[in-house]
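Report on the following structure.
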Protein chains: 4
Amino acid sequence: MQTITTLDITDARKLIEGARNHADKIGVPMCIAVTDNAGNLIAFERMEGGKVTSTTIAIDKAYTAAAARKATHEYGEASQPGKPAYGINSAIGGRLMVVAGGLPVTADGMVVGAIGISSGTPTQDLEVARAALAHFSA
Amino acid sequence: MQTITTLDITDARKLIEGARNHADKIGVPMCIAVTDNAGNLIAFERMEGGKVTSTTIAIDKAYTAAAARKATHEYGEASQPGKPAYGINSAIGGRLMVVAGGLPVTADGMVVGAIGISSGTPTQDLEVARAALAHFSA
Amino acid sequence: MQTITTLDITDARKLIEGARNHADKIGVPMCIAVTDNAGNLIAFERMEGGKVTSTTIAIDKAYTAAAARKATHEYGEASQPGKPAYGINSAIGGRLMVVAGGLPVTADGMVVGAIGISSGTPTQDLEVARAALAHFSA
Amino acid sequence: MQTITTLDITDARKLIEGARNHADKIGVPMCIAVTDNAGNLIAFERMEGGKVTSTTIAIDKAYTAAAARKATHEYGEASQPGKPAYGINSAIGGRLMVVAGGLPVTADGMVVGAIGISSGTPTQDLEVARAALAHFSA
């Protein structure tokens with residue numbers, strides 16, 4: 001047996017709140033997804049004006065960041081043409097996201113879940129994900 | 001051109017609140033999904049103890065109820081062996097849900113979205129969906 | 001945060017060993033899958049003569065039993081025509097298995113994973129799954 | 001008619017053992033999959049700390065290496081922009097893996113199966129796959 005620590009719904013709501021606050025601040029309505037440590041969805045919100053396509057993208061960014069324990073933009077760098085992970089973006093039926101906006105959430109050095117943001121530019125998505133983590137830690 | 005009325009994120013949160021309250025009352029943690037009038041997800045919460053399999057099932061119940069403008073249990077009756085909609089449950093890659101727990105949300109006689117509940121028995125799921133609608137209208 | 005207990009690879013191997021022993025005893029080579037508490041695969045073996053189709057079926061039986069915290073044959077009963085969960089078998093892209101052979105593994109009353117067996121008759125599959133649990137507890 | 005030679009479950013276990021030994025040596029827990037000559041899964045293990053996303057990726061690396069009779073990193077080279085196999089990574093619903101870590105297993109010059117490794121860097125994945133083949137031949 002092994003024991004695992006994972007985000008709960010209260011944590012998920014706080015992360016979403018932090019994302020929404022920053023999304024409001026920069027004026028870009030977002031899709032916001034939070035998963036547990038295994039990559040399974042805990043909570044999701046599509047803000048007024050968030051993109052319908054970004055629903056799945058936000059969920060899959062969070063899935064990737066949690067279940068692969070890696071920020072999605074790191075996969076973006078590693079999967080450029082000529083780089084070692086080139087082509088990984090279509091793995092797992094296309095769920096493996098390599099676009100910025102998915103960040104693992106850690107506690108005591110362990111990945112306990114993740115947040116995925118989508119609807120803005122990848123830079124905006126990542127900025128909002130980081131703001132959510134900062135709000136969560138505060 | 002046409003104008004469409006649909007639930008927003010504030011409505012979705014109120015529906016989820018109503019579902020959660022009743023789920024707590026009967027002691028059955030649920031997956032709760034709310035979609036807009038087109039069947040696209042607005043918000044989702046998996047309560048502590050909600051089933052991982054029920055994530056997709058709750059989302060697809062809400063999708064079915066909104067996009068087909070019909071309660072999922074009505075499809076359950078219409079899709080019994082020998083009935084006209086027999087076999088419809090595997091349509092749309094299995095997203096067409098015929099198990100109770102998905103209800104359209106209406107305003108002025110128009111479907112403006114839906115709620116989908118999963119993790120309990122179908123009877124419990126439907127009961128929680130109805131409680132969410134009652135809380136929303138109150 | 002919440003803390004979760006789940007099977008590890010040593011547990012998975014012991015469950016597979018128990019399944020294989022019983023499968024050998026009744027002379028029916030099986031596909032054997034073990035998942036963690038979230039339904040994610042830990043280990044899998046297809047015995048000589050196990051069916052290729054049963055690979056996915058065994059994995060999905062274990063996924064269902066873990067992530068829905070219910071034996072797959074219970075879904076079989078509940079999803080008969082006229083019963084409340086009729087039609088559930090095509091949910092989650094067809095991954096929700098309602099055929100006997102998927103059993104949750106529990107510890108201290110909590111579901112910590114599951115085993116899924118396929119290649120024999122459903123009765124044989126369930127018998128082998130039960131033998132695996134007995135071997136694991138012994 | 002034709003006669004086919006393929007790995008059996010004993011071979012698969014020996015390959016997994018070789019992979020695990022090397023993964024332990026370099027301190028990178030892995031997902032390890034072995035398929036038969038047709039690309040169908042024989043055995044799989046996710047080591048403690050192996051990534052959930054790597055479950056499917058390891059299985060699909062082995063599938064690709066066996067069924068296409070080619071190391072996945074060779075597809076990586078051949079599928080770079082401007083190269084003849086550009087875009088092949090999204091084929092077969094994304095199952096065609098072009099990232100290093102999938103190697104065919106040969107006997108008497110024929111492909112009899114494959115091993116797929118995932119969770120480390122592609123370089124580590126390939127190194128572990130090679131160590132598994134060396135252990136198997138020894």
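Note on naming: chains are A, B, ... as they come in the structure tokens, residues start from 1 per chain, ligands start from 1 in the order shown.
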Near-segment 88-102 of chain D list (6 Å; only C-alpha atoms; drop same-chain fewer than 2 positions) as a compact mmCIF listing (two decimals) with N, CA, C and O atoms, in the first residue's frame:
```
# COMPACT_ATOMS: atom_id res chain seq x y z
N ALA A 85 11.33 15.37 -27.18
CA ALA A 85 9.92 14.97 -27.02
C ALA A 85 9.06 15.42 -28.20
O ALA A 85 7.83 15.44 -28.10
N GLY A 87 6.66 15.56 -31.04
CA GLY A 87 5.57 14.67 -31.41
C GLY A 87 4.73 14.19 -30.24
O GLY A 87 3.70 13.54 -30.44
N SER A 90 0.51 14.70 -29.52
CA SER A 90 -0.66 13.93 -29.97
C SER A 90 -0.86 12.65 -29.16
O SER A 90 -1.77 11.87 -29.45
N ALA A 91 -0.03 12.43 -28.13
CA ALA A 91 -0.15 11.21 -27.33
C ALA A 91 -1.44 11.22 -26.50
O ALA A 91 -2.03 12.28 -26.26
N GLY A 93 -4.44 10.22 -27.13
CA GLY A 93 -5.58 10.75 -27.87
C GLY A 93 -5.58 12.26 -27.96
O GLY A 93 -6.63 12.89 -28.10
N ASP D 60 1.75 2.50 -25.98
CA ASP D 60 1.72 2.89 -27.40
C ASP D 60 3.12 2.90 -28.02
O ASP D 60 3.26 2.67 -29.23
N LYS D 61 4.15 3.14 -27.23
CA LYS D 61 5.52 3.00 -27.75
C LYS D 61 5.80 1.55 -28.13
O LYS D 61 6.39 1.26 -29.18
N ALA D 62 5.39 0.63 -27.26
CA ALA D 62 5.60 -0.79 -27.56
C ALA D 62 4.75 -1.21 -28.75
O ALA D 62 5.21 -1.94 -29.64
N THR D 64 3.75 0.66 -31.23
CA THR D 64 4.36 1.20 -32.45
C THR D 64 5.59 0.39 -32.86
O THR D 64 5.74 0.02 -34.04
N ALA D 65 6.45 0.11 -31.89
CA ALA D 65 7.72 -0.58 -32.20
C ALA D 65 7.47 -1.98 -32.74
O ALA D 65 8.17 -2.45 -33.66
N ALA D 71 12.00 1.20 -34.23
CA ALA D 71 12.18 1.92 -32.97
C ALA D 71 11.46 3.27 -33.07
O ALA D 71 11.51 3.93 -34.11
N THR D 72 10.82 3.66 -31.98
CA THR D 72 10.05 4.91 -32.03
C THR D 72 10.93 6.12 -32.31
O THR D 72 10.49 7.06 -32.97
N HIS D 73 12.20 6.10 -31.86
CA HIS D 73 13.04 7.27 -32.12
C HIS D 73 13.42 7.38 -33.60
O HIS D 73 13.75 8.46 -34.07
N TYR D 75 11.21 6.91 -35.94
CA TYR D 75 10.07 7.71 -36.41
C TYR D 75 10.27 9.18 -36.01
O TYR D 75 9.86 10.09 -36.73
N GLY D 76 10.89 9.40 -34.85
CA GLY D 76 11.15 10.76 -34.40
C GLY D 76 12.00 11.52 -35.42
O GLY D 76 11.70 12.68 -35.76
N ALA D 85 8.05 11.47 -43.13
CA ALA D 85 6.98 10.98 -42.25
C ALA D 85 6.40 12.10 -41.39
O ALA D 85 5.72 11.83 -40.39
N TYR D 86 6.64 13.32 -41.78
CA TYR D 86 6.11 14.47 -41.02
C TYR D 86 4.61 14.32 -40.77
O TYR D 86 3.86 14.07 -41.71
N ILE D 115 9.18 -3.57 -26.59
CA ILE D 115 9.10 -2.99 -25.25
C ILE D 115 8.93 -1.48 -25.39
O ILE D 115 9.51 -0.86 -26.29
N GLY D 116 8.13 -0.91 -24.50
CA GLY D 116 7.92 0.55 -24.47
C GLY D 116 8.14 1.07 -23.07
O GLY D 116 7.62 0.49 -22.12
N ILE D 117 8.94 2.12 -22.96
CA ILE D 117 9.30 2.69 -21.66
C ILE D 117 8.91 4.17 -21.65
O ILE D 117 9.17 4.89 -22.62
N PRO D 122 13.18 11.23 -22.78
CA PRO D 122 13.24 10.24 -23.86
C PRO D 122 14.58 9.49 -23.89
O PRO D 122 14.62 8.29 -24.17
N ASP D 125 14.38 6.93 -21.20
CA ASP D 125 13.43 5.88 -21.61
C ASP D 125 14.11 4.90 -22.58
O ASP D 125 13.98 3.68 -22.43
N LEU D 126 14.84 5.44 -23.54
CA LEU D 126 15.53 4.60 -24.52
C LEU D 126 16.62 3.76 -23.87
O LEU D 126 16.78 2.57 -24.16
```
- Message: With DSSP run on the backbone, what are the alpha helix (DSSP H) residues within segment 12-88 of chain D? I'd like them as a PyMOL selection string.
- Response: chain D and resi 12-26+53-67+72-78
- Item | Which of segment 9-110 of chain D DSSP labels strand (DSSP E), written as a ChimeraX atom specification | /D:31-36,41-46,102-107,110
- Message: I'd like the contact shell of Thr5 of chain D - 12 Å cut-off, only C-alpha atoms, skipping same-chain residues fewer than 2 positions apart - returned as a PyMOL selection string.
- Response: chain D and resi 2-3+7-8+36-38+105-113
- Task: Tell me which protein, DNA and RNA residues are within 12 Å of His22 of chain B, counting only C-alpha atoms, leaving out same-chain ones fewer than 6 positions away, and put them as a list in words.
- Result: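 My reading of the contact set: Leu15, Ile16, Val28, Pro29, Met30, Ile32, Ile117, Gln124, Asp125, Leu126, Glu127, Val128, Ala129, Arg130, Ala131, Ala132, Leu133, Ala134 and His135 of chain B.
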Based on the selection just made, write N, CA and C atoms of those residues as a PDB file, in the first residue's frame.
```
ATOM      1  N   LEU B  15     -26.915  26.595  -8.972  1.00  0.00           N
ATOM      2  CA  LEU B  15     -27.396  25.226  -9.198  1.00  0.00           C
ATOM      3  C   LEU B  15     -26.507  24.219  -8.463  1.00  0.00           C
ATOM      4  N   ILE B  16     -25.203  24.416  -8.546  1.00  0.00           N
ATOM      5  CA  ILE B  16     -24.275  23.500  -7.860  1.00  0.00           C
ATOM      6  C   ILE B  16     -24.478  23.565  -6.352  1.00  0.00           C
ATOM      7  N   VAL B  28     -24.843  11.599   0.336  1.00  0.00           N
ATOM      8  CA  VAL B  28     -24.261  10.946  -0.852  1.00  0.00           C
ATOM      9  C   VAL B  28     -23.446  11.977  -1.639  1.00  0.00           C
ATOM     10  N   PRO B  29     -22.119  11.930  -1.528  1.00  0.00           N
ATOM     11  CA  PRO B  29     -21.292  12.900  -2.266  1.00  0.00           C
ATOM     12  C   PRO B  29     -21.433  12.701  -3.765  1.00  0.00           C
ATOM     13  N   MET B  30     -21.555  13.799  -4.502  1.00  0.00           N
ATOM     14  CA  MET B  30     -21.918  13.726  -5.910  1.00  0.00           C
ATOM     15  C   MET B  30     -20.903  14.431  -6.814  1.00  0.00           C
ATOM     16  N   ILE B  32     -21.248  16.983  -9.896  1.00  0.00           N
ATOM     17  CA  ILE B  32     -22.292  17.937 -10.291  1.00  0.00           C
ATOM     18  C   ILE B  32     -21.793  18.745 -11.485  1.00  0.00           C
ATOM     19  N   ILE B 117     -26.178  15.048 -12.570  1.00  0.00           N
ATOM     20  CA  ILE B 117     -25.728  14.556 -11.261  1.00  0.00           C
ATOM     21  C   ILE B 117     -25.367  13.078 -11.386  1.00  0.00           C
ATOM     22  N   GLN B 124     -31.327   8.638  -6.573  1.00  0.00           N
ATOM     23  CA  GLN B 124     -30.692   9.698  -5.768  1.00  0.00           C
ATOM     24  C   GLN B 124     -30.180  10.821  -6.667  1.00  0.00           C
ATOM     25  N   ASP B 125     -29.595  10.444  -7.793  1.00  0.00           N
ATOM     26  CA  ASP B 125     -29.068  11.456  -8.718  1.00  0.00           C
ATOM     27  C   ASP B 125     -30.188  12.396  -9.188  1.00  0.00           C
ATOM     28  N   LEU B 126     -31.323  11.796  -9.547  1.00  0.00           N
ATOM     29  CA  LEU B 126     -32.461  12.596 -10.022  1.00  0.00           C
ATOM     30  C   LEU B 126     -33.001  13.489  -8.908  1.00  0.00           C
ATOM     31  N   GLU B 127     -33.070  12.922  -7.703  1.00  0.00           N
ATOM     32  CA  GLU B 127     -33.567  13.681  -6.542  1.00  0.00           C
ATOM     33  C   GLU B 127     -32.688  14.914  -6.300  1.00  0.00           C
ATOM     34  N   VAL B 128     -31.397  14.732  -6.403  1.00  0.00           N
ATOM     35  CA  VAL B 128     -30.467  15.849  -6.176  1.00  0.00           C
ATOM     36  C   VAL B 128     -30.586  16.875  -7.307  1.00  0.00           C
ATOM     37  N   ALA B 129     -30.758  16.393  -8.532  1.00  0.00           N
ATOM     38  CA  ALA B 129     -30.935  17.321  -9.660  1.00  0.00           C
ATOM     39  C   ALA B 129     -32.195  18.161  -9.464  1.00  0.00           C
ATOM     40  N   ARG B 130     -33.257  17.516  -9.000  1.00  0.00           N
ATOM     41  CA  ARG B 130     -34.514  18.251  -8.767  1.00  0.00           C
ATOM     42  C   ARG B 130     -34.356  19.268  -7.641  1.00  0.00           C
ATOM     43  N   ALA B 131     -33.642  18.888  -6.596  1.00  0.00           N
ATOM     44  CA  ALA B 131     -33.407  19.817  -5.483  1.00  0.00           C
ATOM     45  C   ALA B 131     -32.596  21.021  -5.956  1.00  0.00           C
ATOM     46  N   ALA B 132     -31.681  20.803  -6.869  1.00  0.00           N
ATOM     47  CA  ALA B 132     -30.884  21.906  -7.416  1.00  0.00           C
ATOM     48  C   ALA B 132     -31.774  22.879  -8.181  1.00  0.00           C
ATOM     49  N   LEU B 133     -32.700  22.333  -8.980  1.00  0.00           N
ATOM     50  CA  LEU B 133     -33.621  23.197  -9.731  1.00  0.00           C
ATOM     51  C   LEU B 133     -34.522  23.991  -8.780  1.00  0.00           C
ATOM     52  N   ALA B 134     -34.984  23.340  -7.717  1.00  0.00           N
ATOM     53  CA  ALA B 134     -35.847  24.022  -6.748  1.00  0.00           C
ATOM     54  C   ALA B 134     -35.084  25.151  -6.058  1.00  0.00           C
ATOM     55  N   HIS B 135     -33.858  24.878  -5.684  1.00  0.00           N
ATOM     56  CA  HIS B 135     -33.013  25.896  -5.046  1.00  0.00           C
ATOM     57  C   HIS B 135     -32.765  27.062  -6.002  1.00  0.00           C
TER      58      HIS B 135
END
```
- Message: For Ile59 of chain D, find every residue with an atom within 8 Å (counting only C-alpha atoms), except residues of its own chain fewer than 6 positions away, and show them as a list of chain:residue names.
- Response: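 Counting only the stated atoms, we get D:Ile32, D:Ala33, D:Val34, D:Thr35, D:Leu41, D:Phe44, D:Gly116.
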- For chain C, which residue out of B:Asn21, B:Thr10, B:Gln80, B:Thr55 is the nearest one, using only C-alpha atoms?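 Under the stated criterion, the closest residue is B:Gln80.
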- Task: Would you kindly report the residues of chain C within 9 Å of chain D, using only C-alpha atoms, as a PyMOL selection string?
- Result: chain C and resi 8-9+31+40-48+52+55
Can you write out the residues you just picked, keeping C-alpha atoms, as a compact mmCIF listing (two decimals), in the first residue's frame?
```txt
# COMPACT_ATOMS: atom_id res chain seq x y z
CA ASP C 8 1.26 -0.41 -4.92
CA ILE C 9 3.06 -2.57 -7.47
CA CYS C 31 -6.20 -11.25 -19.02
CA ASN C 40 -5.29 3.98 -13.29
CA LEU C 41 -3.50 0.81 -14.40
CA ILE C 42 -0.70 -0.48 -12.17
CA ALA C 43 -0.03 -3.88 -13.72
CA PHE C 44 -1.40 -6.17 -16.41
CA GLU C 45 -0.71 -9.69 -17.67
CA ARG C 46 -2.21 -11.61 -20.56
CA MET C 47 -1.65 -15.29 -19.93
CA GLU C 48 -0.79 -17.60 -22.83
CA VAL C 52 -6.62 -9.96 -27.26
CA THR C 55 -6.93 -6.78 -22.76
```
- Message: So the first atom is atom CA of Thr121 of chain A and the second is atom CA of Glu17 of chain A; what is the distance between them in Å, to one decimal place?
- Response: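 If I compute the distance from atom CA of Thr121 of chain A to atom CA of Glu17 of chain A, I get 19.9 Å.
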- Figure out the distance between atom CA of Ala67 of chain A and atom CA of Ile26 of chain A, please, to one decimal in Å.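 Computing the Euclidean distance for atom CA of Ile26 of chain A and atom CA of Ala67 of chain A yields 29.0 Å.
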- One decimal, Å: what's the distance from atom CA of Pro104 of chain D over to atom CA of Ala138 of chain D, could you say? 16.6 Å
